[in-house]
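**Student:** Pasting a structure below so you can have a look.
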Amino acid sequence: MTAPRLSRLLFAAVLIVAASAGTAGARQAQGPPARKPAQMAAVPLPSATERVPVDSRITIGRLENGLRYYIRRNPRPAKRAELRLVINAGSVLEDDDQLGLAHVVEHMAFNGTKHFEGQEITAFMESIGMQFGPSLNAFTTFDDTTFVLQVPTDRADILDKAFLILEDWAHNVTFDGREIDKERA
């Protein structure tokens, strides 16, 4: 792997989940079977300063520039990677005269970046069989803005381009005036 490719991969990887949760995730979401009150034992509450344990299957690291990354292998769906860029900026940082701006910035990331003009990100994802929504999406909450890509892993050039998209979303959104005007509504 070349140094520029490796640095781009590491730069853009804030959160990498090798695939979305499959059926095992669905079982976890259901939780344990319900127990009768007589069977329930008192569970001590953790203190507010206690750290939440991290799944031992997750590799966590920090790059020299401060970017933190998380990597976890998940074999389902096969030959897919879910890449996420999580930016610790959301609507809670907006002043009253800026309400909705974080969400507009999220939208602008799909309307042109340094390496992908206009709708080229969406066009690229569709060209590799992915769809806007399930494979390409983003959302803004009070605390953060998260961008999500799900891509095939059987071709290095596709992974390289996916990481370039994450890098562009991190610091290369173009904010073209025409695209801003389209988002004003």
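FYI, nothing fancy with the structure tokens labels: chains A, B, ... in order, residues from 1 per chain, ligands from 1 as they appear.
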Using only C-alpha atoms, determine which residues lie at most 9 Å from Met125 (chain A), disregarding the query and same-chain residues fewer than 6 positions distant; provide the list as a short mmCIF file (atom, residue, chain, number, x, y, z; two decimals) with N, CA and C atoms, in the first residue's frame.

**Tutor:**
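The file below, selection.cif, is the result:
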```cif
data_model
loop_
_atom_site.label_atom_id
_atom_site.label_comp_id
_atom_site.auth_asym_id
_atom_site.auth_seq_id
_atom_site.Cartn_x
_atom_site.Cartn_y
_atom_site.Cartn_z
N GLN A 131 -27.25 2.58 -3.17
CA GLN A 131 -28.39 3.48 -3.30
C GLN A 131 -28.34 4.56 -2.23
N PHE A 132 -28.80 5.76 -2.62
CA PHE A 132 -28.93 6.83 -1.65
C PHE A 132 -29.98 6.40 -0.63
N SER A 135 -27.29 2.98 1.48
CA SER A 135 -25.83 2.85 1.32
C SER A 135 -25.09 4.18 1.37
N LEU A 136 -25.80 5.26 1.26
CA LEU A 136 -25.22 6.60 1.23
C LEU A 136 -26.18 7.51 1.96
N LEU A 149 -21.31 5.73 4.44
CA LEU A 149 -21.14 5.09 3.13
C LEU A 149 -21.07 3.59 3.34
N GLN A 150 -21.76 2.82 2.53
CA GLN A 150 -21.58 1.38 2.54
C GLN A 150 -21.09 1.02 1.14
N VAL A 151 -19.92 0.39 1.09
CA VAL A 151 -19.28 0.12 -0.20
C VAL A 151 -18.81 -1.33 -0.28
N ALA A 162 -13.97 5.81 -1.81
CA ALA A 162 -14.86 6.00 -0.66
C ALA A 162 -14.14 6.78 0.45
#
```

**Student:** What parts of region 13-185 of chain A does DSSP call strand (DSSP E or B)? I'd like the answer as an MDAnalysis selection string.

**Tutor:** chainID A and resid 15:17 58:62 68:72 80:87 113 132 136:140 145:152 173

**Student:** Emit the selected residues as a tab-separated table (two decimals), in the first residue's frame, including N, CA and C atoms.

**Tutor:**
```tsv
chain	number	residue	atom	x	y	z
A	15	LEU	N	-14.71	6.35	11.74
A	15	LEU	CA	-15.41	5.17	12.21
A	15	LEU	C	-15.57	4.22	11.06
A	16	ILE	N	-15.06	3.02	11.20
A	16	ILE	CA	-15.22	2.02	10.17
A	16	ILE	C	-15.86	0.81	10.82
A	17	VAL	N	-16.97	0.43	10.28
A	17	VAL	CA	-17.60	-0.79	10.73
A	17	VAL	C	-17.64	-1.67	9.50
A	58	ILE	N	-13.19	-4.04	18.94
A	58	ILE	CA	-13.03	-2.75	18.28
A	58	ILE	C	-11.59	-2.26	18.48
A	59	THR	N	-10.94	-1.91	17.38
A	59	THR	CA	-9.62	-1.30	17.43
A	59	THR	C	-9.82	0.21	17.42
A	60	ILE	N	-9.25	0.87	18.41
A	60	ILE	CA	-9.38	2.33	18.51
A	60	ILE	C	-8.00	2.94	18.40
A	61	GLY	N	-7.91	4.01	17.65
A	61	GLY	CA	-6.64	4.70	17.50
A	61	GLY	C	-6.84	6.18	17.29
A	62	ARG	N	-5.74	6.92	17.34
A	62	ARG	CA	-5.78	8.36	17.11
A	62	ARG	C	-4.60	8.71	16.22
A	68	ARG	N	-9.72	10.51	15.55
A	68	ARG	CA	-9.88	9.21	16.21
A	68	ARG	C	-10.58	8.26	15.25
A	69	TYR	N	-10.15	6.99	15.25
A	69	TYR	CA	-10.79	6.00	14.40
A	69	TYR	C	-11.13	4.75	15.20
A	70	TYR	N	-12.16	4.06	14.72
A	70	TYR	CA	-12.65	2.83	15.32
A	70	TYR	C	-12.81	1.82	14.18
A	71	ILE	N	-12.30	0.61	14.36
A	71	ILE	CA	-12.42	-0.41	13.34
A	71	ILE	C	-12.96	-1.69	13.99
A	72	ARG	N	-13.97	-2.26	13.37
A	72	ARG	CA	-14.52	-3.52	13.86
A	72	ARG	C	-14.90	-4.38	12.67
A	80	ARG	N	-18.61	-6.13	2.21
A	80	ARG	CA	-19.12	-4.76	2.35
A	80	ARG	C	-18.42	-4.10	3.53
A	81	ALA	N	-18.18	-2.81	3.40
A	81	ALA	CA	-17.66	-2.01	4.51
A	81	ALA	C	-18.59	-0.84	4.72
A	82	GLU	N	-18.86	-0.54	5.96
A	82	GLU	CA	-19.61	0.66	6.28
A	82	GLU	C	-18.62	1.65	6.87
A	83	LEU	N	-18.49	2.77	6.22
A	83	LEU	CA	-17.57	3.83	6.62
A	83	LEU	C	-18.38	4.99	7.15
A	84	ARG	N	-17.96	5.53	8.27
A	84	ARG	CA	-18.68	6.66	8.85
A	84	ARG	C	-17.68	7.76	9.21
A	85	LEU	N	-18.09	8.97	8.95
A	85	LEU	CA	-17.36	10.14	9.41
A	85	LEU	C	-18.29	10.83	10.40
A	86	VAL	N	-17.86	10.89	11.65
A	86	VAL	CA	-18.67	11.50	12.70
A	86	VAL	C	-17.98	12.80	13.10
A	87	ILE	N	-18.67	13.91	12.90
A	87	ILE	CA	-18.14	15.23	13.22
A	87	ILE	C	-18.84	15.72	14.48
A	113	THR	N	-17.74	18.73	-3.67
A	113	THR	CA	-16.52	18.78	-2.85
A	113	THR	C	-15.34	19.02	-3.78
A	132	PHE	N	-28.80	5.76	-2.62
A	132	PHE	CA	-28.93	6.83	-1.65
A	132	PHE	C	-29.98	6.40	-0.63
A	136	LEU	N	-25.80	5.26	1.26
A	136	LEU	CA	-25.22	6.60	1.23
A	136	LEU	C	-26.18	7.51	1.96
A	137	ASN	N	-25.75	8.07	3.08
A	137	ASN	CA	-26.67	8.89	3.85
A	137	ASN	C	-25.90	9.74	4.85
A	138	ALA	N	-26.63	10.59	5.55
A	138	ALA	CA	-26.06	11.43	6.61
A	138	ALA	C	-27.20	11.88	7.51
A	139	PHE	N	-26.84	12.27	8.72
A	139	PHE	CA	-27.84	12.82	9.62
A	139	PHE	C	-27.17	13.76	10.61
A	140	THR	N	-27.93	14.75	11.04
A	140	THR	CA	-27.46	15.73	12.01
A	140	THR	C	-28.32	15.62	13.25
A	145	THR	N	-22.79	15.44	13.51
A	145	THR	CA	-23.21	15.21	12.14
A	145	THR	C	-22.48	13.96	11.67
A	146	THR	N	-23.21	12.99	11.15
A	146	THR	CA	-22.63	11.71	10.76
A	146	THR	C	-22.92	11.44	9.29
A	147	PHE	N	-21.87	11.08	8.56
A	147	PHE	CA	-21.97	10.70	7.16
A	147	PHE	C	-21.70	9.20	7.07
A	148	VAL	N	-22.48	8.49	6.23
A	148	VAL	CA	-22.40	7.04	6.15
A	148	VAL	C	-22.28	6.60	4.69
A	149	LEU	N	-21.31	5.73	4.44
A	149	LEU	CA	-21.14	5.09	3.13
A	149	LEU	C	-21.07	3.59	3.34
A	150	GLN	N	-21.76	2.82	2.53
A	150	GLN	CA	-21.58	1.38	2.54
A	150	GLN	C	-21.09	1.02	1.14
A	151	VAL	N	-19.92	0.39	1.09
A	151	VAL	CA	-19.28	0.12	-0.20
A	151	VAL	C	-18.81	-1.33	-0.28
A	152	PRO	N	-18.69	-1.85	-1.52
A	152	PRO	CA	-18.11	-3.18	-1.71
A	152	PRO	C	-16.62	-3.14	-1.34
A	173	VAL	N	-15.64	20.48	1.42
A	173	VAL	CA	-16.94	20.81	0.84
A	173	VAL	C	-16.80	22.16	0.15
```

**Student:** Write out as a VMD selection string the set of residues from region 29-167 of chain A that DSSP, computed on the backbone, places in alpha helix (DSSP H).

**Tutor:** chain A and resid 29 to 30 101 to 108 120 to 127 156 to 167

**Student:** Using only C-alpha atoms, I'd like a table of the residues in region 33-94 of chain A that come within 10 Å of region 100-111 of chain A; for each, show the closest atom pair and its distance in Å rounded to one decimal, ordered by chain and ascending number, as a tab-separated table.

**Tutor:**
```
residue	atom	partner	partner_atom	distance
A:Ala89	CA	A:Ala102	CA	7.7
A:Gly90	CA	A:Ala102	CA	5.8
A:Ser91	CA	A:Ala102	CA	5.6
A:Val92	CA	A:Ala102	CA	9.1
A:Leu93	CA	A:Ala102	CA	8.4
A:Glu94	CA	A:Leu101	CA	7.2
```

**Student:** Using N, CA, C and O atoms, can you export the residues from the last selection as a compact mmCIF listing (two decimals), in the first residue's frame?

**Tutor:**
```
# COMPACT_ATOMS: atom_id res chain seq x y z
N ALA A 89 -20.08 18.15 15.77
CA ALA A 89 -20.73 19.45 15.62
C ALA A 89 -22.15 19.20 15.14
O ALA A 89 -22.36 18.56 14.12
N GLY A 90 -23.11 19.69 15.91
CA GLY A 90 -24.51 19.51 15.56
C GLY A 90 -25.28 20.79 15.83
O GLY A 90 -24.71 21.86 16.04
N SER A 91 -26.58 20.66 15.87
CA SER A 91 -27.43 21.84 15.99
C SER A 91 -27.32 22.54 17.34
O SER A 91 -27.68 23.71 17.45
N VAL A 92 -26.80 21.88 18.37
CA VAL A 92 -26.66 22.53 19.67
C VAL A 92 -25.68 23.72 19.61
O VAL A 92 -25.76 24.63 20.42
N LEU A 93 -24.83 23.73 18.61
CA LEU A 93 -23.85 24.81 18.47
C LEU A 93 -24.41 26.03 17.73
O LEU A 93 -23.74 27.05 17.61
N GLU A 94 -25.64 25.93 17.23
CA GLU A 94 -26.23 27.02 16.46
C GLU A 94 -26.82 28.09 17.39
O GLU A 94 -27.42 27.77 18.42
```
